Amino acid sequence: MNIEHLKEHGIDIAVVSGEGVAISDAQSALDLAMTVKYETGAERIVIDKNMICGDFFILSTGLAGEILQKYINYHIKMAVYGDYSLYTSKPLKDFIYESNQGRDFFFVTTKEEAVQKLTET
């Protein structure tokens with residue numbers, strides 16, 4: 001796993017990349033956030049959706065809600081980038097839409113969009 005530190009308009013953002021899954025449950029999500037905070041000082045994280053386990057995108061598992069709640073409690077903002085066109089679940093599409101209307105968690109197509117979203121909030 002690689003963590004790249006960006007400073008956009010005075011805001012620290014960490015871009016997490018690499019092979020494999022970095023977030024497989026709520027504890028690994030929290031561990032990632034604390035690692036990023038320790039290594040970069042950033043409380044805003046950009047990550048490829050392929051680094052998040054598939055259960056996150058199955059809302060009935062409760063994993064997405066659990067992770068979002070932890071991140072909100074710890075004042076962590078995250079933008080996940082990737083292709084969401086393969087998902088057909090209406091609840092997931094609604095979840096993505098609602099998240100994108102907020103200020104803490106975003107689902108976008110590109111890494112550049114992710115950085116921009118975290119810079120704007």
# chains A, B, ... in the order shown; residues from 1 in each chain; ligands from 1

call {"tool": "residues_around", "arguments": {"residues": "Ile47 of chain A", "least_positions_apart": "5", "cutoff": "7 Å", "atoms": "only C-alpha atoms", "output": "list in words"}}
result
Val15, Val16, Ser17, Ala79, Val80 and Tyr81 of chain A

call {"tool": "residues_around", "arguments": {"residues": "Gly41 of chain A", "least_positions_apart": "5", "cutoff": "9 Å", "atoms": "only C-alpha atoms", "output": "list in words"}}
result
His5, Asp12, Ile13, Ala14 and Val36 of chain A

call {"tool": "write_last_selection", "arguments": {"atoms": "C-alpha atoms", "output": "mmCIF file, in the first residue's frame"}}
result
data_model
loop_
_atom_site.group_PDB
_atom_site.id
_atom_site.type_symbol
_atom_site.label_atom_id
_atom_site.label_comp_id
_atom_site.auth_asym_id
_atom_site.auth_seq_id
_atom_site.Cartn_x
_atom_site.Cartn_y
_atom_site.Cartn_z
ATOM 1 C CA HIS A 5 0.525 13.179 0.526
ATOM 2 C CA ASP A 12 -3.807 17.854 3.436
ATOM 3 C CA ILE A 13 -5.097 14.924 1.389
ATOM 4 C CA ALA A 14 -3.761 11.368 1.352
ATOM 5 C CA VAL A 36 -2.793 8.073 7.100
#

call {"tool": "residues_around", "arguments": {"residues": "Arg44 of chain A", "least_positions_apart": "2", "cutoff": "12 Å", "atoms": "only C-alpha atoms", "output": "NGL selection string"}}
result
:A and (3-8 or 11-16 or 32-34 or 36-37 or 40-42 or 46-47 or 71-72 or 74-80 or 103-106 or 114-121)

call {"tool": "closest_atom_pairs", "arguments": {"of": "segment 12-80 of chain A", "to": "segment 93-102 of chain A", "cutoff": "10 Å", "atoms": "only C-alpha atoms", "output": "tab-separated table"}}
result
residue	atom	partner	partner_atom	distance
A:Phe57	CA	A:Phe95	CA	9.7
A:Leu59	CA	A:Phe95	CA	8.6
A:Ala64	CA	A:Phe95	CA	9.5
A:Gly65	CA	A:Phe95	CA	9.8
A:Leu68	CA	A:Ser99	CA	9.7
A:Ala79	CA	A:Asn100	CA	9.3

call {"tool": "select_by_dssp", "arguments": {"residues": "chain A", "states": "helix (DSSP H, G or I)", "output": "short mmCIF file (atom, residue, chain, number, x, y, z; two decimals) with all heavy atoms, in the first residue's frame"}}
result
data_model
loop_
_atom_site.label_atom_id
_atom_site.label_comp_id
_atom_site.auth_asym_id
_atom_site.auth_seq_id
_atom_site.Cartn_x
_atom_site.Cartn_y
_atom_site.Cartn_z
N ALA A 26 -14.59 -2.73 9.52
CA ALA A 26 -14.54 -1.43 10.18
C ALA A 26 -13.18 -1.18 10.84
O ALA A 26 -12.67 -0.06 10.81
CB ALA A 26 -15.67 -1.31 11.19
N GLN A 27 -12.60 -2.22 11.42
CA GLN A 27 -11.30 -2.04 12.09
C GLN A 27 -10.20 -1.70 11.09
O GLN A 27 -9.37 -0.83 11.35
CB GLN A 27 -10.93 -3.28 12.90
CG GLN A 27 -9.67 -3.08 13.73
CD GLN A 27 -9.77 -1.93 14.73
OE1 GLN A 27 -10.72 -1.87 15.51
NE2 GLN A 27 -8.82 -1.01 14.70
N SER A 28 -10.18 -2.37 9.95
CA SER A 28 -9.15 -2.05 8.96
C SER A 28 -9.35 -0.65 8.39
O SER A 28 -8.39 0.04 8.06
CB SER A 28 -9.10 -3.10 7.85
OG SER A 28 -10.31 -3.15 7.13
N ALA A 29 -10.60 -0.20 8.29
CA ALA A 29 -10.87 1.17 7.84
C ALA A 29 -10.33 2.18 8.84
O ALA A 29 -9.71 3.18 8.47
CB ALA A 29 -12.37 1.37 7.63
N LEU A 30 -10.54 1.89 10.12
CA LEU A 30 -10.04 2.77 11.16
C LEU A 30 -8.51 2.73 11.21
O LEU A 30 -7.87 3.78 11.35
CB LEU A 30 -10.62 2.35 12.51
CG LEU A 30 -10.48 3.33 13.66
CD1 LEU A 30 -10.99 4.71 13.30
CD2 LEU A 30 -11.18 2.79 14.89
N ASP A 31 -7.93 1.55 11.05
CA ASP A 31 -6.47 1.43 11.01
C ASP A 31 -5.88 2.24 9.86
O ASP A 31 -4.87 2.92 10.03
CB ASP A 31 -6.05 -0.04 10.87
CG ASP A 31 -6.33 -0.86 12.11
OD1 ASP A 31 -6.60 -0.29 13.18
OD2 ASP A 31 -6.28 -2.11 12.00
N LEU A 32 -6.53 2.18 8.69
CA LEU A 32 -6.07 2.95 7.54
C LEU A 32 -6.11 4.44 7.85
O LEU A 32 -5.15 5.17 7.59
CB LEU A 32 -6.91 2.64 6.30
CG LEU A 32 -6.62 3.51 5.08
CD1 LEU A 32 -5.20 3.25 4.56
CD2 LEU A 32 -7.64 3.27 4.00
N ALA A 33 -7.22 4.90 8.43
CA ALA A 33 -7.36 6.32 8.74
C ALA A 33 -6.28 6.78 9.72
O ALA A 33 -5.69 7.85 9.56
CB ALA A 33 -8.75 6.60 9.31
N MET A 34 -6.00 5.95 10.72
CA MET A 34 -4.98 6.33 11.72
C MET A 34 -3.57 6.28 11.12
O MET A 34 -2.74 7.13 11.44
CB MET A 34 -5.08 5.43 12.94
CG MET A 34 -6.38 5.59 13.74
SD MET A 34 -6.75 7.29 14.24
CE MET A 34 -8.16 7.67 13.21
N THR A 35 -3.31 5.33 10.24
CA THR A 35 -2.02 5.27 9.55
C THR A 35 -1.82 6.52 8.70
O THR A 35 -0.75 7.14 8.71
CB THR A 35 -1.92 4.00 8.68
OG1 THR A 35 -2.01 2.86 9.54
CG2 THR A 35 -0.62 3.95 7.90
N VAL A 36 -2.85 6.88 7.95
CA VAL A 36 -2.79 8.07 7.10
C VAL A 36 -2.55 9.31 7.96
O VAL A 36 -1.71 10.15 7.65
CB VAL A 36 -4.09 8.21 6.27
CG1 VAL A 36 -4.25 9.60 5.72
CG2 VAL A 36 -4.11 7.18 5.15
N LYS A 37 -3.29 9.43 9.04
CA LYS A 37 -3.15 10.59 9.94
C LYS A 37 -1.73 10.66 10.51
O LYS A 37 -1.12 11.72 10.55
CB LYS A 37 -4.19 10.49 11.06
CG LYS A 37 -4.10 11.55 12.10
CD LYS A 37 -4.76 12.81 11.65
CE LYS A 37 -4.83 13.78 12.83
NZ LYS A 37 -4.79 15.14 12.41
N TYR A 38 -1.20 9.53 10.92
CA TYR A 38 0.14 9.48 11.52
C TYR A 38 1.22 9.82 10.49
O TYR A 38 2.13 10.58 10.77
CB TYR A 38 0.40 8.10 12.11
CG TYR A 38 1.79 7.93 12.67
CD1 TYR A 38 2.14 8.51 13.89
CD2 TYR A 38 2.76 7.22 11.97
CE1 TYR A 38 3.43 8.38 14.40
CE2 TYR A 38 4.04 7.09 12.48
CZ TYR A 38 4.36 7.66 13.69
OH TYR A 38 5.64 7.53 14.18
N GLU A 39 1.09 9.24 9.28
CA GLU A 39 2.14 9.43 8.27
C GLU A 39 2.07 10.76 7.53
O GLU A 39 3.09 11.26 7.08
CB GLU A 39 2.09 8.27 7.26
CG GLU A 39 2.53 6.95 7.85
CD GLU A 39 2.62 5.83 6.83
OE1 GLU A 39 2.57 6.11 5.60
OE2 GLU A 39 2.73 4.67 7.25
N THR A 40 0.86 11.32 7.37
CA THR A 40 0.72 12.52 6.56
C THR A 40 0.08 13.70 7.29
O THR A 40 0.16 14.82 6.82
CB THR A 40 -0.13 12.24 5.31
OG1 THR A 40 -1.48 11.99 5.71
CG2 THR A 40 0.41 11.08 4.50
N LYS A 49 -11.78 2.29 -5.38
CA LYS A 49 -12.81 1.39 -4.86
C LYS A 49 -12.37 -0.06 -4.86
O LYS A 49 -12.86 -0.87 -4.07
CB LYS A 49 -14.13 1.55 -5.60
CG LYS A 49 -14.25 0.83 -6.91
CD LYS A 49 -15.68 0.88 -7.40
CE LYS A 49 -15.93 -0.03 -8.53
NZ LYS A 49 -15.83 -1.44 -8.27
N ASN A 50 -11.40 -0.41 -5.70
CA ASN A 50 -10.89 -1.78 -5.73
C ASN A 50 -10.11 -2.15 -4.47
O ASN A 50 -9.82 -3.32 -4.24
CB ASN A 50 -10.02 -2.00 -6.97
CG ASN A 50 -10.84 -1.92 -8.23
OD1 ASN A 50 -11.98 -2.37 -8.28
ND2 ASN A 50 -10.27 -1.31 -9.26
N MET A 51 -9.78 -1.15 -3.67
CA MET A 51 -9.06 -1.41 -2.41
C MET A 51 -10.02 -1.59 -1.24
O MET A 51 -9.60 -1.71 -0.09
CB MET A 51 -8.06 -0.30 -2.14
CG MET A 51 -6.94 -0.24 -3.17
SD MET A 51 -5.64 0.91 -2.72
CE MET A 51 -4.85 0.00 -1.38
N GLY A 54 -15.68 -6.13 -1.41
CA GLY A 54 -16.97 -6.13 -2.08
C GLY A 54 -18.15 -6.03 -1.14
O GLY A 54 -19.21 -5.48 -1.51
N ASP A 55 -18.02 -6.53 0.09
CA ASP A 55 -19.14 -6.46 1.05
C ASP A 55 -19.54 -5.03 1.37
O ASP A 55 -20.68 -4.77 1.75
CB ASP A 55 -18.76 -7.18 2.35
CG ASP A 55 -18.87 -8.69 2.23
OD1 ASP A 55 -19.38 -9.18 1.20
OD2 ASP A 55 -18.45 -9.38 3.18
N PHE A 56 -18.62 -4.10 1.23
CA PHE A 56 -18.93 -2.69 1.48
C PHE A 56 -20.08 -2.24 0.57
O PHE A 56 -20.95 -1.48 0.98
CB PHE A 56 -17.70 -1.82 1.21
CG PHE A 56 -17.92 -0.35 1.42
CD1 PHE A 56 -17.68 0.22 2.65
CD2 PHE A 56 -18.36 0.47 0.39
CE1 PHE A 56 -17.87 1.58 2.86
CE2 PHE A 56 -18.57 1.82 0.59
CZ PHE A 56 -18.32 2.37 1.83
N PHE A 57 -20.09 -2.74 -0.67
CA PHE A 57 -21.07 -2.31 -1.66
C PHE A 57 -22.35 -3.14 -1.63
O PHE A 57 -23.23 -2.95 -2.46
CB PHE A 57 -20.42 -2.32 -3.05
CG PHE A 57 -19.26 -1.37 -3.14
CD1 PHE A 57 -17.96 -1.83 -3.01
CD2 PHE A 57 -19.46 -0.01 -3.29
CE1 PHE A 57 -16.88 -0.95 -3.05
CE2 PHE A 57 -18.40 0.88 -3.33
CZ PHE A 57 -17.11 0.41 -3.21
N LEU A 59 -25.16 -3.29 0.76
CA LEU A 59 -25.59 -2.52 1.92
C LEU A 59 -26.18 -3.37 3.03
O LEU A 59 -26.09 -3.02 4.20
CB LEU A 59 -26.58 -1.44 1.50
CG LEU A 59 -26.00 -0.34 0.59
CD1 LEU A 59 -27.05 0.72 0.33
CD2 LEU A 59 -24.75 0.27 1.19
N SER A 60 -26.76 -4.51 2.69
CA SER A 60 -27.37 -5.37 3.71
C SER A 60 -26.35 -5.92 4.70
O SER A 60 -26.73 -6.35 5.80
CB SER A 60 -28.15 -6.51 3.06
OG SER A 60 -27.29 -7.33 2.31
N THR A 61 -25.06 -5.88 4.38
CA THR A 61 -24.03 -6.34 5.32
C THR A 61 -23.84 -5.35 6.46
O THR A 61 -23.31 -5.72 7.50
CB THR A 61 -22.67 -6.56 4.63
OG1 THR A 61 -22.16 -5.30 4.19
CG2 THR A 61 -22.77 -7.54 3.48
N LEU A 63 -21.73 -3.02 6.52
CA LEU A 63 -20.33 -2.59 6.58
C LEU A 63 -20.16 -1.13 6.17
O LEU A 63 -19.44 -0.37 6.84
CB LEU A 63 -19.46 -3.49 5.70
CG LEU A 63 -17.96 -3.22 5.73
CD1 LEU A 63 -17.41 -3.33 7.15
CD2 LEU A 63 -17.24 -4.19 4.80
N ALA A 64 -20.82 -0.71 5.11
CA ALA A 64 -20.69 0.68 4.65
C ALA A 64 -21.13 1.65 5.75
O ALA A 64 -20.43 2.62 6.05
CB ALA A 64 -21.49 0.90 3.38
N GLY A 65 -22.26 1.38 6.34
CA GLY A 65 -22.76 2.26 7.40
C GLY A 65 -21.84 2.30 8.61
O GLY A 65 -21.60 3.36 9.19
N GLU A 66 -21.29 1.15 8.96
CA GLU A 66 -20.38 1.08 10.10
C GLU A 66 -19.11 1.89 9.85
O GLU A 66 -18.64 2.64 10.71
CB GLU A 66 -20.04 -0.38 10.39
CG GLU A 66 -19.28 -0.61 11.66
CD GLU A 66 -19.01 -2.08 11.94
OE1 GLU A 66 -19.45 -2.96 11.17
OE2 GLU A 66 -18.33 -2.33 12.95
N ILE A 67 -18.56 1.74 8.65
CA ILE A 67 -17.34 2.47 8.31
C ILE A 67 -17.61 3.97 8.23
O ILE A 67 -16.84 4.78 8.78
CB ILE A 67 -16.73 1.94 6.99
CG1 ILE A 67 -16.17 0.53 7.23
CG2 ILE A 67 -15.67 2.88 6.45
CD1 ILE A 67 -15.73 -0.18 5.96
N LEU A 68 -18.69 4.36 7.59
CA LEU A 68 -19.01 5.78 7.51
C LEU A 68 -19.19 6.38 8.89
O LEU A 68 -18.71 7.49 9.15
CB LEU A 68 -20.26 6.00 6.66
CG LEU A 68 -20.00 6.31 5.19
CD1 LEU A 68 -19.36 5.14 4.47
CD2 LEU A 68 -21.28 6.71 4.50
N GLN A 69 -19.86 5.66 9.77
CA GLN A 69 -20.08 6.18 11.12
C GLN A 69 -18.75 6.38 11.86
O GLN A 69 -18.53 7.39 12.51
CB GLN A 69 -20.98 5.25 11.92
CG GLN A 69 -21.39 5.84 13.25
CD GLN A 69 -22.19 7.11 13.09
OE1 GLN A 69 -23.18 7.16 12.39
NE2 GLN A 69 -21.74 8.19 13.74
N LYS A 70 -17.85 5.42 11.74
CA LYS A 70 -16.52 5.55 12.37
C LYS A 70 -15.78 6.76 11.81
O LYS A 70 -15.18 7.53 12.56
CB LYS A 70 -15.70 4.29 12.18
CG LYS A 70 -16.12 3.14 13.07
CD LYS A 70 -15.02 2.16 13.26
CE LYS A 70 -15.44 1.01 14.13
NZ LYS A 70 -15.80 1.35 15.48
N TYR A 71 -15.80 6.91 10.49
CA TYR A 71 -15.08 8.03 9.88
C TYR A 71 -15.68 9.37 10.31
O TYR A 71 -14.95 10.32 10.58
CB TYR A 71 -15.05 7.88 8.37
CG TYR A 71 -13.93 6.99 7.88
CD1 TYR A 71 -13.26 6.11 8.72
CD2 TYR A 71 -13.53 7.02 6.56
CE1 TYR A 71 -12.22 5.31 8.27
CE2 TYR A 71 -12.48 6.22 6.10
CZ TYR A 71 -11.84 5.38 6.96
OH TYR A 71 -10.81 4.59 6.52
N ILE A 72 -16.98 9.44 10.39
CA ILE A 72 -17.61 10.69 10.83
C ILE A 72 -17.23 10.97 12.28
O ILE A 72 -16.90 12.10 12.65
CB ILE A 72 -19.13 10.63 10.63
CG1 ILE A 72 -19.44 10.73 9.13
CG2 ILE A 72 -19.84 11.74 11.39
CD1 ILE A 72 -20.86 10.42 8.75
N ASN A 73 -17.25 9.94 13.13
CA ASN A 73 -16.87 10.11 14.54
C ASN A 73 -15.45 10.62 14.70
O ASN A 73 -15.15 11.39 15.61
CB ASN A 73 -17.03 8.81 15.31
CG ASN A 73 -18.48 8.42 15.51
OD1 ASN A 73 -19.39 9.21 15.32
ND2 ASN A 73 -18.70 7.17 15.88
N LYS A 90 -30.67 -0.61 -6.35
CA LYS A 90 -31.23 0.72 -6.16
C LYS A 90 -30.83 1.30 -4.81
O LYS A 90 -30.47 2.48 -4.74
CB LYS A 90 -32.75 0.70 -6.32
CG LYS A 90 -33.35 2.10 -6.16
CD LYS A 90 -34.78 2.18 -6.51
CE LYS A 90 -35.43 3.52 -6.31
NZ LYS A 90 -34.71 4.64 -5.83
N PRO A 91 -30.87 0.51 -3.72
CA PRO A 91 -30.41 1.08 -2.44
C PRO A 91 -28.96 1.57 -2.50
O PRO A 91 -28.65 2.62 -1.92
CB PRO A 91 -30.57 -0.08 -1.45
CG PRO A 91 -31.66 -0.93 -2.04
CD PRO A 91 -31.47 -0.82 -3.53
N LEU A 92 -28.10 0.84 -3.19
CA LEU A 92 -26.70 1.29 -3.29
C LEU A 92 -26.62 2.57 -4.11
O LEU A 92 -25.90 3.50 -3.73
CB LEU A 92 -25.82 0.21 -3.91
CG LEU A 92 -24.35 0.61 -4.10
CD1 LEU A 92 -23.70 0.94 -2.76
CD2 LEU A 92 -23.59 -0.49 -4.81
N LYS A 93 -27.34 2.63 -5.21
CA LYS A 93 -27.34 3.86 -6.02
C LYS A 93 -27.85 5.04 -5.21
O LYS A 93 -27.31 6.14 -5.28
CB LYS A 93 -28.16 3.66 -7.29
CG LYS A 93 -27.48 2.75 -8.29
CD LYS A 93 -28.30 2.58 -9.55
CE LYS A 93 -27.56 1.66 -10.51
NZ LYS A 93 -28.21 1.55 -11.79
N ASP A 94 -28.90 4.80 -4.40
CA ASP A 94 -29.44 5.86 -3.54
C ASP A 94 -28.41 6.28 -2.49
O ASP A 94 -28.25 7.46 -2.20
CB ASP A 94 -30.72 5.40 -2.86
CG ASP A 94 -31.89 5.23 -3.83
OD1 ASP A 94 -31.79 5.72 -4.97
OD2 ASP A 94 -32.88 4.58 -3.43
N PHE A 95 -27.72 5.29 -1.93
CA PHE A 95 -26.68 5.55 -0.93
C PHE A 95 -25.56 6.40 -1.52
O PHE A 95 -25.11 7.37 -0.91
CB PHE A 95 -26.14 4.21 -0.41
CG PHE A 95 -24.96 4.32 0.50
CD1 PHE A 95 -25.12 4.75 1.81
CD2 PHE A 95 -23.69 3.99 0.06
CE1 PHE A 95 -24.03 4.85 2.66
CE2 PHE A 95 -22.60 4.07 0.90
CZ PHE A 95 -22.78 4.51 2.20
N ILE A 96 -25.13 6.05 -2.71
CA ILE A 96 -24.08 6.82 -3.39
C ILE A 96 -24.56 8.24 -3.65
O ILE A 96 -23.84 9.21 -3.39
CB ILE A 96 -23.63 6.10 -4.68
CG1 ILE A 96 -22.84 4.84 -4.33
CG2 ILE A 96 -22.81 7.03 -5.58
CD1 ILE A 96 -22.51 3.94 -5.51
N TYR A 97 -25.78 8.37 -4.15
CA TYR A 97 -26.34 9.69 -4.43
C TYR A 97 -26.39 10.54 -3.16
O TYR A 97 -25.95 11.70 -3.15
CB TYR A 97 -27.74 9.56 -5.04
CG TYR A 97 -28.41 10.89 -5.23
CD1 TYR A 97 -28.11 11.69 -6.34
CD2 TYR A 97 -29.32 11.39 -4.30
CE1 TYR A 97 -28.71 12.93 -6.51
CE2 TYR A 97 -29.92 12.62 -4.46
CZ TYR A 97 -29.61 13.39 -5.56
OH TYR A 97 -30.19 14.62 -5.72
N GLU A 98 -26.93 9.97 -2.08
CA GLU A 98 -27.06 10.71 -0.82
C GLU A 98 -25.69 11.08 -0.25
O GLU A 98 -25.49 12.18 0.27
CB GLU A 98 -27.86 9.91 0.21
CG GLU A 98 -29.34 9.81 -0.11
CD GLU A 98 -30.05 11.15 -0.16
OE1 GLU A 98 -29.72 12.06 0.62
OE2 GLU A 98 -30.96 11.29 -1.00
N SER A 99 -24.74 10.15 -0.33
CA SER A 99 -23.39 10.44 0.16
C SER A 99 -22.80 11.61 -0.59
O SER A 99 -22.16 12.49 0.00
CB SER A 99 -22.48 9.22 0.01
OG SER A 99 -22.91 8.18 0.84
N ASN A 100 -22.99 11.64 -1.89
CA ASN A 100 -22.42 12.71 -2.72
C ASN A 100 -23.07 14.06 -2.46
O ASN A 100 -22.51 15.09 -2.84
CB ASN A 100 -22.51 12.34 -4.20
CG ASN A 100 -21.51 11.28 -4.59
OD1 ASN A 100 -20.53 11.05 -3.88
ND2 ASN A 100 -21.75 10.63 -5.70
N GLN A 101 -24.23 14.07 -1.82
CA GLN A 101 -24.89 15.33 -1.47
C GLN A 101 -24.35 15.90 -0.16
O GLN A 101 -24.57 17.05 0.15
CB GLN A 101 -26.41 15.12 -1.34
CG GLN A 101 -27.08 14.58 -2.59
CD GLN A 101 -26.75 15.39 -3.83
OE1 GLN A 101 -26.96 16.61 -3.86
NE2 GLN A 101 -26.23 14.72 -4.84
N LYS A 111 -9.71 9.76 -9.81
CA LYS A 111 -8.90 10.23 -8.68
C LYS A 111 -8.91 11.76 -8.62
O LYS A 111 -8.99 12.34 -7.54
CB LYS A 111 -7.47 9.69 -8.81
CG LYS A 111 -6.57 10.12 -7.68
CD LYS A 111 -5.25 9.39 -7.65
CE LYS A 111 -4.43 9.60 -8.86
NZ LYS A 111 -3.06 9.07 -8.76
N GLU A 112 -8.85 12.40 -9.77
CA GLU A 112 -8.85 13.86 -9.81
C GLU A 112 -10.15 14.44 -9.24
O GLU A 112 -10.12 15.43 -8.50
CB GLU A 112 -8.63 14.35 -11.26
CG GLU A 112 -7.26 14.04 -11.82
CD GLU A 112 -7.04 12.56 -12.19
OE1 GLU A 112 -8.02 11.83 -12.43
OE2 GLU A 112 -5.87 12.14 -12.19
N GLU A 113 -11.28 13.81 -9.59
CA GLU A 113 -12.57 14.24 -9.03
C GLU A 113 -12.58 14.06 -7.52
O GLU A 113 -13.13 14.89 -6.79
CB GLU A 113 -13.72 13.43 -9.63
CG GLU A 113 -14.11 13.78 -11.03
CD GLU A 113 -15.22 12.86 -11.53
OE1 GLU A 113 -14.92 11.69 -11.85
OE2 GLU A 113 -16.38 13.32 -11.55
N ALA A 114 -12.00 12.95 -7.05
CA ALA A 114 -11.95 12.67 -5.62
C ALA A 114 -11.18 13.75 -4.88
O ALA A 114 -11.64 14.26 -3.85
CB ALA A 114 -11.34 11.29 -5.38
N VAL A 115 -10.02 14.12 -5.40
CA VAL A 115 -9.22 15.17 -4.78
C VAL A 115 -9.99 16.49 -4.79
O VAL A 115 -10.03 17.20 -3.79
CB VAL A 115 -7.86 15.31 -5.50
CG1 VAL A 115 -7.12 16.56 -5.03
CG2 VAL A 115 -7.01 14.06 -5.30
N GLN A 116 -10.64 16.78 -5.89
CA GLN A 116 -11.42 18.02 -5.99
C GLN A 116 -12.54 18.06 -4.97
O GLN A 116 -12.75 19.08 -4.30
CB GLN A 116 -11.99 18.17 -7.41
CG GLN A 116 -12.79 19.45 -7.58
CD GLN A 116 -13.38 19.58 -8.97
OE1 GLN A 116 -13.14 18.75 -9.85
NE2 GLN A 116 -14.17 20.61 -9.17
N LYS A 117 -13.27 16.96 -4.82
CA LYS A 117 -14.37 16.90 -3.86
C LYS A 117 -13.87 17.16 -2.43
O LYS A 117 -14.50 17.89 -1.66
CB LYS A 117 -15.07 15.54 -3.89
CG LYS A 117 -16.10 15.40 -4.95
CD LYS A 117 -17.30 16.23 -4.63
CE LYS A 117 -18.49 15.84 -5.47
NZ LYS A 117 -19.63 16.72 -5.23
N LEU A 118 -12.75 16.55 -2.09
CA LEU A 118 -12.22 16.73 -0.73
C LEU A 118 -11.62 18.11 -0.53
O LEU A 118 -11.51 18.57 0.61
CB LEU A 118 -11.19 15.64 -0.43
CG LEU A 118 -11.76 14.23 -0.31
CD1 LEU A 118 -10.66 13.23 -0.05
CD2 LEU A 118 -12.83 14.15 0.77
N THR A 119 -11.25 18.76 -1.59
CA THR A 119 -10.72 20.12 -1.49
C THR A 119 -11.86 21.12 -1.29
O THR A 119 -11.71 22.11 -0.60
CB THR A 119 -9.94 20.49 -2.76
OG1 THR A 119 -8.89 19.53 -2.93
CG2 THR A 119 -9.33 21.87 -2.68
N GLU A 120 -13.02 20.81 -1.88
CA GLU A 120 -14.17 21.72 -1.82
C GLU A 120 -14.89 21.70 -0.48
O GLU A 120 -15.56 22.66 -0.14
CB GLU A 120 -15.19 21.34 -2.91
CG GLU A 120 -14.71 21.55 -4.30
CD GLU A 120 -15.64 20.98 -5.36
OE1 GLU A 120 -16.60 20.25 -4.99
OE2 GLU A 120 -15.41 21.24 -6.55
#

call {"tool": "select_by_dssp", "arguments": {"residues": "segment 2-86 of chain A", "states": "strand (DSSP E)", "output": "PyMOL selection string"}}
result
chain A and resi 2-8+11-17+44-48+77-81

call {"tool": "write_last_selection", "arguments": {"atoms": "N, CA and C atoms", "output": "short mmCIF file (atom, residue, chain, number, x, y, z; two decimals), in the first residue's frame"}}
result
data_model
loop_
_atom_site.label_atom_id
_atom_site.label_comp_id
_atom_site.auth_asym_id
_atom_site.auth_seq_id
_atom_site.Cartn_x
_atom_site.Cartn_y
_atom_site.Cartn_z
N ASN A 2 0.55 2.18 -0.86
CA ASN A 2 1.27 3.44 -0.96
C ASN A 2 0.37 4.57 -0.49
N ILE A 3 0.95 5.51 0.24
CA ILE A 3 0.21 6.68 0.68
C ILE A 3 0.94 7.91 0.17
N GLU A 4 0.28 8.63 -0.72
CA GLU A 4 0.85 9.86 -1.29
C GLU A 4 0.20 11.05 -0.61
N HIS A 5 1.02 11.99 -0.16
CA HIS A 5 0.53 13.18 0.53
C HIS A 5 0.42 14.34 -0.46
N LEU A 6 -0.76 14.91 -0.58
CA LEU A 6 -0.99 16.08 -1.41
C LEU A 6 -1.40 17.24 -0.52
N LYS A 7 -1.07 18.43 -0.96
CA LYS A 7 -1.55 19.63 -0.28
C LYS A 7 -2.23 20.47 -1.34
N GLU A 8 -3.55 20.52 -1.29
CA GLU A 8 -4.35 21.27 -2.27
C GLU A 8 -5.02 22.44 -1.56
N ILE A 11 -4.97 22.25 2.08
CA ILE A 11 -5.64 21.10 2.70
C ILE A 11 -4.82 19.84 2.46
N ASP A 12 -4.54 19.11 3.54
CA ASP A 12 -3.81 17.85 3.44
C ASP A 12 -4.74 16.74 2.98
N ILE A 13 -4.34 16.05 1.93
CA ILE A 13 -5.10 14.92 1.39
C ILE A 13 -4.14 13.77 1.17
N ALA A 14 -4.56 12.57 1.57
CA ALA A 14 -3.76 11.37 1.35
C ALA A 14 -4.41 10.55 0.25
N VAL A 15 -3.61 10.16 -0.74
CA VAL A 15 -4.09 9.30 -1.82
C VAL A 15 -3.51 7.91 -1.57
N VAL A 16 -4.41 6.96 -1.31
CA VAL A 16 -4.01 5.59 -1.01
C VAL A 16 -4.12 4.76 -2.28
N SER A 17 -3.05 4.06 -2.62
CA SER A 17 -3.06 3.23 -3.82
C SER A 17 -2.30 1.94 -3.54
N ARG A 44 -8.26 13.58 5.29
CA ARG A 44 -9.02 13.39 4.05
C ARG A 44 -8.30 12.34 3.22
N ILE A 45 -9.06 11.32 2.80
CA ILE A 45 -8.47 10.17 2.13
C ILE A 45 -9.13 9.95 0.78
N VAL A 46 -8.31 9.75 -0.24
CA VAL A 46 -8.76 9.34 -1.57
C VAL A 46 -8.32 7.89 -1.75
N ILE A 47 -9.24 7.03 -2.19
CA ILE A 47 -8.90 5.61 -2.35
C ILE A 47 -9.66 5.02 -3.54
N ASP A 48 -9.00 4.11 -4.24
CA ASP A 48 -9.61 3.38 -5.35
C ASP A 48 -10.62 2.38 -4.78
N LYS A 77 -12.73 12.42 6.27
CA LYS A 77 -13.50 12.53 5.04
C LYS A 77 -12.85 11.61 4.00
N MET A 78 -13.67 10.99 3.16
CA MET A 78 -13.12 10.06 2.18
C MET A 78 -13.84 10.20 0.85
N ALA A 79 -13.06 10.05 -0.20
CA ALA A 79 -13.61 10.00 -1.55
C ALA A 79 -13.12 8.71 -2.20
N VAL A 80 -14.07 7.90 -2.67
CA VAL A 80 -13.76 6.63 -3.29
C VAL A 80 -13.98 6.80 -4.79
N TYR A 81 -12.97 6.45 -5.58
CA TYR A 81 -13.11 6.61 -7.02
C TYR A 81 -13.09 5.25 -7.72
#

call {"tool": "atom_distance", "arguments": {"atom1": "atom CA of Asp83 of chain A", "atom2": "atom CA of His9 of chain A"}}
result
27.1 Å

call {"tool": "closest_residue", "arguments": {"among": "A:Gly82, A:Tyr87, A:Gly62, A:Ile23", "to": "Phe107 of chain A", "atoms": "only C-alpha atoms"}}
result
A:Gly82

call {"tool": "atom_distance", "arguments": {"atom1": "atom CA of Glu19 of chain A", "atom2": "atom CA of Ser89 of chain A"}}
result
26.3 Å
